[in-house]
Amino acid sequence: MVTTCDVVVIGGGPAGAMAARIAARHGLKVCVLEQHSLPRYKVCGGGLVRRVHDLLPQDLGLPMEHYCTKVSMRFQPDGRQLDIETSSSVVNMTMRDQFDAALLASAERAGAKVISECEVLSLQPAQSGIELATSQDIYKADYVVLAAGAATRLASDAGWSESLERIPALELEVDVDDDTLARFQGQAIFDFGVIPQGYAWVFPKRRHLSIGVLSVNRHKPGLQAHVRDYMRLLKIQPLREPTFHGYVIPVRPRSRCLAQNRVLLVGDSAGLADPVTLEGISHALISGELAAQALCDASAGRVEVTYNQLIDQQIRPDLEAAAVLARVLYGPAMSSARFGGAMGRRAVAFVGDVMQGKRRYSELRQRRAWRVIEALLG
Ligand SMILES: Cc1cc2nc3c(=O)[nH]c(=O)nc-3n(C[C@H](O)[C@H](O)[C@H](O)COP(=O)(O)OP(=O)(O)OC[C@H]3O[C@@H](n4cnc5c(N)ncnc54)[C@H](O)[C@@H]3O)c2cc1C
């Protein structure tokens, strides 16, 4: 069977759900194809920085797992701690299966059709459109929004030859006793210096802790050993052996355009995670929104150009500035003690403002701090 629609969205994560919701609300016939049955587990810390909340649909109707009014950035081994603390929450915690399902439900209410257990196998140009072979039917669409996450290879079908630059990350959902749970209430902890060129985290959820590690050094991460050492350091004793979930995070946007040949890349498929915090949900939502804006507003033949312009104006400058800061933070020569000093205090305050949507990374270039950052990079 062949199903025809205006837009096929590949992937039911935040980027795809956002694009589908807005495009459907503007009257386009939208199908979301998701390979897994829904709701599906997603390897993720589930931390939603405050700026994400302004982007969420009003009808989301999802209570958060936990609200954190404090973010602690600690620099091991000396334990120096820099806090971002506000009266309202800085980071809220969610479980991604519930969060993504709520976003998709919102897209469905707007008129999008969500088809689960439908893996897209390939894309190819068809007459005035694009044809998708899937594990179910054949789909034909005027445009495709590729929102299939960081591990997809489908972008190559649409002409992107470069592979995404990605780093490994490991995450565990850890059941702990009530006393341990209470120790981590209300704060999201990022520990630098416990793993080379990366960080470890503890995010409190309603009834358990999400614990993880990541490293920008792709060659010798040893993530399992690091996360076990980290739990020992924090005296966290799991009540039962947790499952290790590994996945990848993109650290650089694709260098060329993000739309061509009727395909628009969004979220992790476009490489839009924040290179400093490695948080990816906010740019997934924003890029989904920008893709829908281009699909709805641009005249025929201008959709790709419009989306590329929107990305170049609204996302790329921030990611380029953030990438420079990330090179300092995760560079092999940077000692955690050095970053924990005066420069560290300013940098943490700045990143806290970015998380809350009060500042943008691109503003860094206008600050004196930029000269310090460049000097540190030699
Ligand atoms: C360990 C870890 C911890 C993280 N913690 C955080 C955090 O705390 N906060 C934060 O903001 N970000 C975090 N991130 C990053 C965040 O998970 C991603 O940036 C975000 O999920 C990107 O959303 P997306 O919609 O682009 O892609 P995804 O959420 O990856 O969604 C892609 C969807 O596409 C589907 N799909 C893939 N291929 C196909 C196909 N061929 N056909 C059909 N469907 C397909 C997948 O099943 C999936 O549902 C973390 C990442 C990792 C790895």
# chains A, B, ... in the order shown; residues from 1 in each chain; ligands from 1
$ residues_near_ligand --ligand "ligand 1" --cutoff "6 Å" --atoms "only C-alpha atoms and all ligand atoms" --output "mmCIF file with C-alpha atoms, in the first residue's frame"
data_model
loop_
_atom_site.group_PDB
_atom_site.id
_atom_site.type_symbol
_atom_site.label_atom_id
_atom_site.label_comp_id
_atom_site.auth_asym_id
_atom_site.auth_seq_id
_atom_site.Cartn_x
_atom_site.Cartn_y
_atom_site.Cartn_z
ATOM 1 C CA ILE A 10 10.915 10.118 10.699
ATOM 2 C CA GLY A 11 11.261 9.595 14.456
ATOM 3 C CA GLY A 12 8.965 10.245 17.400
ATOM 4 C CA GLY A 13 11.441 12.010 19.727
ATOM 5 C CA PRO A 14 11.112 15.672 20.778
ATOM 6 C CA ALA A 15 12.376 17.077 17.456
ATOM 7 C CA GLY A 16 9.968 15.003 15.374
ATOM 8 C CA LEU A 33 6.863 7.127 11.551
ATOM 9 C CA GLU A 34 8.485 5.692 14.696
ATOM 10 C CA GLN A 35 10.392 2.421 14.603
ATOM 11 C CA HIS A 36 9.573 1.354 18.176
ATOM 12 C CA VAL A 43 18.649 6.550 26.914
ATOM 13 C CA CYS A 44 18.749 10.023 28.450
ATOM 14 C CA GLY A 45 19.261 11.798 31.774
ATOM 15 C CA GLY A 46 15.835 13.339 31.253
ATOM 16 C CA GLY A 47 16.975 16.758 32.504
ATOM 17 C CA LEU A 48 14.926 19.580 30.995
ATOM 18 C CA CYS A 118 7.291 1.491 11.439
ATOM 19 C CA GLU A 119 10.994 1.622 10.652
ATOM 20 C CA VAL A 120 12.037 3.741 7.690
ATOM 21 C CA LEU A 121 14.487 1.707 5.639
ATOM 22 C CA ALA A 147 14.266 13.404 13.287
ATOM 23 C CA ALA A 148 15.720 9.936 13.776
ATOM 24 C CA GLY A 149 18.313 10.809 16.418
ATOM 25 C CA THR A 152 20.639 7.250 11.983
ATOM 26 C CA ALA A 169 27.568 8.321 26.986
ATOM 27 C CA LEU A 170 26.341 5.811 29.536
ATOM 28 C CA GLU A 171 23.277 6.135 31.723
ATOM 29 C CA TYR A 247 24.152 5.746 23.407
ATOM 30 C CA VAL A 248 25.815 8.583 21.500
ATOM 31 C CA ILE A 249 25.490 12.374 21.585
ATOM 32 C CA GLY A 267 17.544 17.595 16.526
ATOM 33 C CA ASP A 268 20.300 15.035 17.006
ATOM 34 C CA SER A 269 20.127 13.953 13.339
ATOM 35 C CA ALA A 273 23.209 19.084 20.959
ATOM 36 C CA GLU A 279 21.944 18.771 26.559
ATOM 37 C CA GLY A 280 20.022 18.155 23.336
ATOM 38 C CA ILE A 281 16.313 18.475 24.015
ATOM 39 C CA ALA A 284 15.622 19.353 19.222
#
$ residues_around --residues "Lys205 in chain A" --least-positions-apart "6" --cutoff "7 Å" --atoms "only C-alpha atoms" --output "PyMOL selection string"
chain A and resi 65-66+93
$ residues_around --residues "range 177-192 of chain A" --least-positions-apart "3" --cutoff "7 Å" --atoms "only C-alpha atoms" --output "JSON, numbers by chain"
{"A": [67, 68, 69, 70, 71, 72, 73, 74, 75, 76, 198, 199, 200, 201, 202, 203, 204, 208, 236, 239, 336]}
$ write_last_selection --atoms "N, CA, C and O atoms" --output "PDB file, in the first residue's frame"
ATOM      1  N   TYR A  67      11.680  18.516  40.586  1.00  0.00           N
ATOM      2  CA  TYR A  67      12.046  19.900  40.263  1.00  0.00           C
ATOM      3  C   TYR A  67      13.352  20.242  40.974  1.00  0.00           C
ATOM      4  O   TYR A  67      13.456  20.055  42.188  1.00  0.00           O
ATOM      5  N   CYS A  68      14.347  20.739  40.246  1.00  0.00           N
ATOM      6  CA  CYS A  68      15.641  21.067  40.857  1.00  0.00           C
ATOM      7  C   CYS A  68      15.845  22.576  40.831  1.00  0.00           C
ATOM      8  O   CYS A  68      15.937  23.177  39.751  1.00  0.00           O
ATOM      9  N   THR A  69      15.947  23.172  42.016  1.00  0.00           N
ATOM     10  CA  THR A  69      16.201  24.617  42.089  1.00  0.00           C
ATOM     11  C   THR A  69      17.698  24.900  42.127  1.00  0.00           C
ATOM     12  O   THR A  69      18.111  26.044  42.149  1.00  0.00           O
ATOM     13  N   LYS A  70      18.488  23.826  42.165  1.00  0.00           N
ATOM     14  CA  LYS A  70      19.938  24.018  42.259  1.00  0.00           C
ATOM     15  C   LYS A  70      20.659  23.091  41.279  1.00  0.00           C
ATOM     16  O   LYS A  70      20.300  21.914  41.158  1.00  0.00           O
ATOM     17  N   VAL A  71      21.644  23.664  40.584  1.00  0.00           N
ATOM     18  CA  VAL A  71      22.555  22.854  39.777  1.00  0.00           C
ATOM     19  C   VAL A  71      23.931  23.011  40.394  1.00  0.00           C
ATOM     20  O   VAL A  71      24.411  24.139  40.558  1.00  0.00           O
ATOM     21  N   SER A  72      24.549  21.907  40.781  1.00  0.00           N
ATOM     22  CA  SER A  72      25.890  21.971  41.371  1.00  0.00           C
ATOM     23  C   SER A  72      26.897  21.453  40.369  1.00  0.00           C
ATOM     24  O   SER A  72      26.765  20.331  39.878  1.00  0.00           O
ATOM     25  N   MET A  73      27.884  22.291  40.062  1.00  0.00           N
ATOM     26  CA  MET A  73      28.987  21.838  39.213  1.00  0.00           C
ATOM     27  C   MET A  73      30.184  21.674  40.133  1.00  0.00           C
ATOM     28  O   MET A  73      30.641  22.648  40.747  1.00  0.00           O
ATOM     29  N   ARG A  74      30.673  20.444  40.246  1.00  0.00           N
ATOM     30  CA  ARG A  74      31.762  20.176  41.186  1.00  0.00           C
ATOM     31  C   ARG A  74      33.003  19.777  40.400  1.00  0.00           C
ATOM     32  O   ARG A  74      32.907  19.129  39.365  1.00  0.00           O
ATOM     33  N   PHE A  75      34.122  20.209  40.920  1.00  0.00           N
ATOM     34  CA  PHE A  75      35.373  19.951  40.207  1.00  0.00           C
ATOM     35  C   PHE A  75      36.236  19.055  41.076  1.00  0.00           C
ATOM     36  O   PHE A  75      36.778  19.489  42.083  1.00  0.00           O
ATOM     37  N   GLN A  76      36.305  17.770  40.718  1.00  0.00           N
ATOM     38  CA  GLN A  76      37.091  16.794  41.465  1.00  0.00           C
ATOM     39  C   GLN A  76      38.542  16.855  40.973  1.00  0.00           C
ATOM     40  O   GLN A  76      38.780  17.295  39.842  1.00  0.00           O
ATOM     41  N   GLY A 198      35.416  14.822  30.380  1.00  0.00           N
ATOM     42  CA  GLY A 198      33.968  14.627  30.400  1.00  0.00           C
ATOM     43  C   GLY A 198      33.408  14.952  31.764  1.00  0.00           C
ATOM     44  O   GLY A 198      34.050  15.633  32.563  1.00  0.00           O
ATOM     45  N   TYR A 199      32.224  14.494  32.026  1.00  0.00           N
ATOM     46  CA  TYR A 199      31.654  14.671  33.364  1.00  0.00           C
ATOM     47  C   TYR A 199      30.750  13.504  33.718  1.00  0.00           C
ATOM     48  O   TYR A 199      30.356  12.708  32.853  1.00  0.00           O
ATOM     49  N   ALA A 200      30.451  13.429  35.021  1.00  0.00           N
ATOM     50  CA  ALA A 200      29.475  12.441  35.505  1.00  0.00           C
ATOM     51  C   ALA A 200      28.317  13.224  36.106  1.00  0.00           C
ATOM     52  O   ALA A 200      28.478  14.385  36.471  1.00  0.00           O
ATOM     53  N   TRP A 201      27.148  12.607  36.170  1.00  0.00           N
ATOM     54  CA  TRP A 201      26.002  13.344  36.720  1.00  0.00           C
ATOM     55  C   TRP A 201      25.136  12.452  37.599  1.00  0.00           C
ATOM     56  O   TRP A 201      25.126  11.228  37.441  1.00  0.00           O
ATOM     57  N   VAL A 202      24.419  13.130  38.518  1.00  0.00           N
ATOM     58  CA  VAL A 202      23.339  12.480  39.275  1.00  0.00           C
ATOM     59  C   VAL A 202      22.111  13.367  39.138  1.00  0.00           C
ATOM     60  O   VAL A 202      22.152  14.546  39.498  1.00  0.00           O
ATOM     61  N   PHE A 203      21.052  12.812  38.590  1.00  0.00           N
ATOM     62  CA  PHE A 203      19.784  13.532  38.464  1.00  0.00           C
ATOM     63  C   PHE A 203      18.736  12.800  39.306  1.00  0.00           C
ATOM     64  O   PHE A 203      18.494  11.599  39.089  1.00  0.00           O
ATOM     65  N   PRO A 204      18.105  13.499  40.263  1.00  0.00           N
ATOM     66  CA  PRO A 204      17.088  12.825  41.082  1.00  0.00           C
ATOM     67  C   PRO A 204      15.759  12.691  40.348  1.00  0.00           C
ATOM     68  O   PRO A 204      15.288  13.646  39.733  1.00  0.00           O
ATOM     69  N   HIS A 208      13.906   7.183  42.041  1.00  0.00           N
ATOM     70  CA  HIS A 208      15.242   6.617  41.808  1.00  0.00           C
ATOM     71  C   HIS A 208      16.191   7.725  41.361  1.00  0.00           C
ATOM     72  O   HIS A 208      15.783   8.891  41.262  1.00  0.00           O
ATOM     73  N   ILE A 236      26.953   5.661  46.793  1.00  0.00           N
ATOM     74  CA  ILE A 236      25.627   5.250  46.317  1.00  0.00           C
ATOM     75  C   ILE A 236      25.648   3.737  46.138  1.00  0.00           C
ATOM     76  O   ILE A 236      26.449   3.208  45.360  1.00  0.00           O
ATOM     77  N   LEU A 239      20.161  -0.688  45.086  1.00  0.00           N
ATOM     78  CA  LEU A 239      19.424  -1.769  45.748  1.00  0.00           C
ATOM     79  C   LEU A 239      19.465  -3.038  44.909  1.00  0.00           C
ATOM     80  O   LEU A 239      19.361  -4.139  45.425  1.00  0.00           O
ATOM     81  N   SER A 336      40.895  20.352  36.137  1.00  0.00           N
ATOM     82  CA  SER A 336      39.624  20.733  36.750  1.00  0.00           C
ATOM     83  C   SER A 336      39.848  21.832  37.781  1.00  0.00           C
ATOM     84  O   SER A 336      39.035  22.721  37.952  1.00  0.00           O
TER      85      SER A 336
END
$ atom_distance --atom1 "CA of Arg252 in chain A" --atom2 "CA of His53 in chain A"
23.9 Å
$ closest_residue --among "A:Ala19, A:Leu310, A:Val9, A:Ala102" --to "Ile115 in chain A" --atoms "only C-alpha atoms"
A:Val9
$ atom_distance --atom1 "CA of Ser135 in chain A" --atom2 "CA of Lys29 in chain A"
20.9 Å
$ closest_residue --among "A:Glu289, A:Glu304, A:Asp353, A:Glu374" --to "Arg25 in chain A" --atoms "only C-alpha atoms"
A:Glu289
$ atom_distance --atom1 "CA of Lys140 in chain A" --atom2 "CA of Ala126 in chain A"
8.0 Å
$ select_by_dssp --residues "range 46-288 of chain A" --states "helix (DSSP H, G or I)" --output "number ranges by chain"
A: 50-53, 96-109, 154-158, 178-183, 223-233, 267-270, 281-288
$ residues_around --residues "range 313-328 of chain A" --least-positions-apart "5" --cutoff "9 Å" --atoms "only C-alpha atoms" --output "ChimeraX atom specification"
/A:251-253,272-277,283,286-287,308,333-334,339,347,360-365,370,373-374,376-377
$ write_last_selection --atoms "C-alpha atoms" --output "CSV table (one decimal), in the first residue's frame"
chain,number,residue,atom,x,y,z
A,251,VAL,CA,28.9,17.3,19.4
A,252,ARG,CA,29.0,19.3,16.3
A,253,PRO,CA,26.3,20.4,13.8
A,272,LEU,CA,22.4,20.1,17.4
A,273,ALA,CA,23.2,19.1,21.0
A,274,ASP,CA,24.9,21.7,23.2
A,275,PRO,CA,28.7,21.0,23.1
A,276,VAL,CA,29.1,22.4,26.6
A,277,THR,CA,26.4,20.7,28.6
A,283,HIS,CA,17.6,22.4,20.2
A,286,ILE,CA,13.6,24.6,18.5
A,287,SER,CA,14.8,22.9,15.3
A,308,ASN,CA,18.9,26.8,6.4
A,333,ALA,CA,45.3,20.3,29.0
A,334,MET,CA,42.5,21.8,31.2
A,339,PHE,CA,38.5,25.6,35.7
A,347,ALA,CA,31.7,30.4,33.1
A,360,ARG,CA,22.9,32.9,24.5
A,361,TYR,CA,26.4,31.5,23.9
A,362,SER,CA,26.9,33.8,20.9
A,363,GLU,CA,27.0,36.7,23.4
A,364,LEU,CA,30.3,35.3,24.7
A,365,ARG,CA,32.0,36.7,21.7
A,370,TRP,CA,36.3,35.5,25.0
A,373,ILE,CA,39.1,31.6,26.3
A,374,GLU,CA,41.1,32.2,23.2
A,376,LEU,CA,43.6,29.3,27.0
A,377,LEU,CA,43.3,27.6,23.7
$ select_by_dssp --residues "range 31-252 of chain A" --states "strand (DSSP E)" --output "PyMOL selection string"
chain A and resi 31-33+47-49+66-68+70-75+80-85+91-93+113-115+120-126+129-134+138-146+166-174+187-192+198-204+209-215+245-250
$ closest_residue --among "A:Ala141, A:Leu103, A:Val91, A:Met231" --to "Met355 in chain A" --atoms "only C-alpha atoms"
A:Val91
$ decode --residues "range 258-282 of chain A" --atoms "N, CA and C atoms" --output "CSV table (one decimal), in the first residue's frame"
chain,number,residue,atom,x,y,z
A,258,LEU,N,21.5,22.1,6.5
A,258,LEU,CA,20.7,21.1,7.2
A,258,LEU,C,19.4,20.8,6.4
A,259,ALA,N,19.2,21.3,5.2
A,259,ALA,CA,18.1,20.9,4.4
A,259,ALA,C,18.5,20.9,2.9
A,260,GLN,N,18.2,19.9,2.3
A,260,GLN,CA,18.4,19.8,0.8
A,260,GLN,C,17.6,18.6,0.3
A,261,ASN,N,17.3,18.7,-1.0
A,261,ASN,CA,16.6,17.6,-1.7
A,261,ASN,C,15.3,17.2,-1.0
A,262,ARG,N,14.6,18.2,-0.5
A,262,ARG,CA,13.3,17.9,0.2
A,262,ARG,C,13.4,17.3,1.6
A,263,VAL,N,14.6,17.2,2.1
A,263,VAL,CA,14.8,16.6,3.5
A,263,VAL,C,15.3,17.6,4.4
A,264,LEU,N,14.7,17.8,5.6
A,264,LEU,CA,15.1,18.7,6.6
A,264,LEU,C,15.6,17.9,7.8
A,265,LEU,N,16.8,18.2,8.2
A,265,LEU,CA,17.4,17.5,9.4
A,265,LEU,C,17.1,18.3,10.7
A,266,VAL,N,16.7,17.6,11.7
A,266,VAL,CA,16.4,18.3,13.0
A,266,VAL,C,17.0,17.6,14.1
A,267,GLY,N,17.1,18.2,15.3
A,267,GLY,CA,17.5,17.6,16.5
A,267,GLY,C,18.9,16.9,16.4
A,268,ASP,N,19.0,15.8,17.0
A,268,ASP,CA,20.3,15.0,17.0
A,268,ASP,C,20.7,14.6,15.6
A,269,SER,N,19.8,14.3,14.7
A,269,SER,CA,20.1,14.0,13.3
A,269,SER,C,20.9,15.1,12.6
A,270,ALA,N,20.6,16.3,13.1
A,270,ALA,CA,21.3,17.5,12.5
A,270,ALA,C,22.6,17.8,13.3
A,271,GLY,N,22.8,17.1,14.5
A,271,GLY,CA,24.0,17.4,15.3
A,271,GLY,C,23.9,18.6,16.2
A,272,LEU,N,22.7,18.8,16.7
A,272,LEU,CA,22.4,20.1,17.4
A,272,LEU,C,22.5,20.1,18.9
A,273,ALA,N,23.1,19.1,19.5
A,273,ALA,CA,23.2,19.1,21.0
A,273,ALA,C,24.2,20.2,21.4
A,274,ASP,N,24.0,20.7,22.6
A,274,ASP,CA,24.9,21.7,23.2
A,274,ASP,C,26.3,21.1,23.5
A,275,PRO,N,27.3,21.6,22.8
A,275,PRO,CA,28.7,21.0,23.1
A,275,PRO,C,29.2,21.2,24.5
A,276,VAL,N,28.7,22.1,25.2
A,276,VAL,CA,29.1,22.4,26.6
A,276,VAL,C,28.4,21.4,27.6
A,277,THR,N,27.1,21.5,27.6
A,277,THR,CA,26.4,20.7,28.6
A,277,THR,C,26.0,19.3,28.0
A,278,LEU,N,26.0,19.2,26.7
A,278,LEU,CA,25.6,18.0,26.0
A,278,LEU,C,24.1,17.8,26.1
A,279,GLU,N,23.4,18.8,26.5
A,279,GLU,CA,21.9,18.8,26.6
A,279,GLU,C,21.4,18.9,25.1
A,280,GLY,N,20.4,18.1,24.7
A,280,GLY,CA,20.0,18.2,23.3
A,280,GLY,C,18.5,18.4,23.1
A,281,ILE,N,17.8,18.4,24.2
A,281,ILE,CA,16.3,18.5,24.0
A,281,ILE,C,15.9,19.9,23.6
A,282,SER,N,16.5,20.9,24.1
A,282,SER,CA,16.1,22.3,23.7
A,282,SER,C,16.3,22.5,22.2
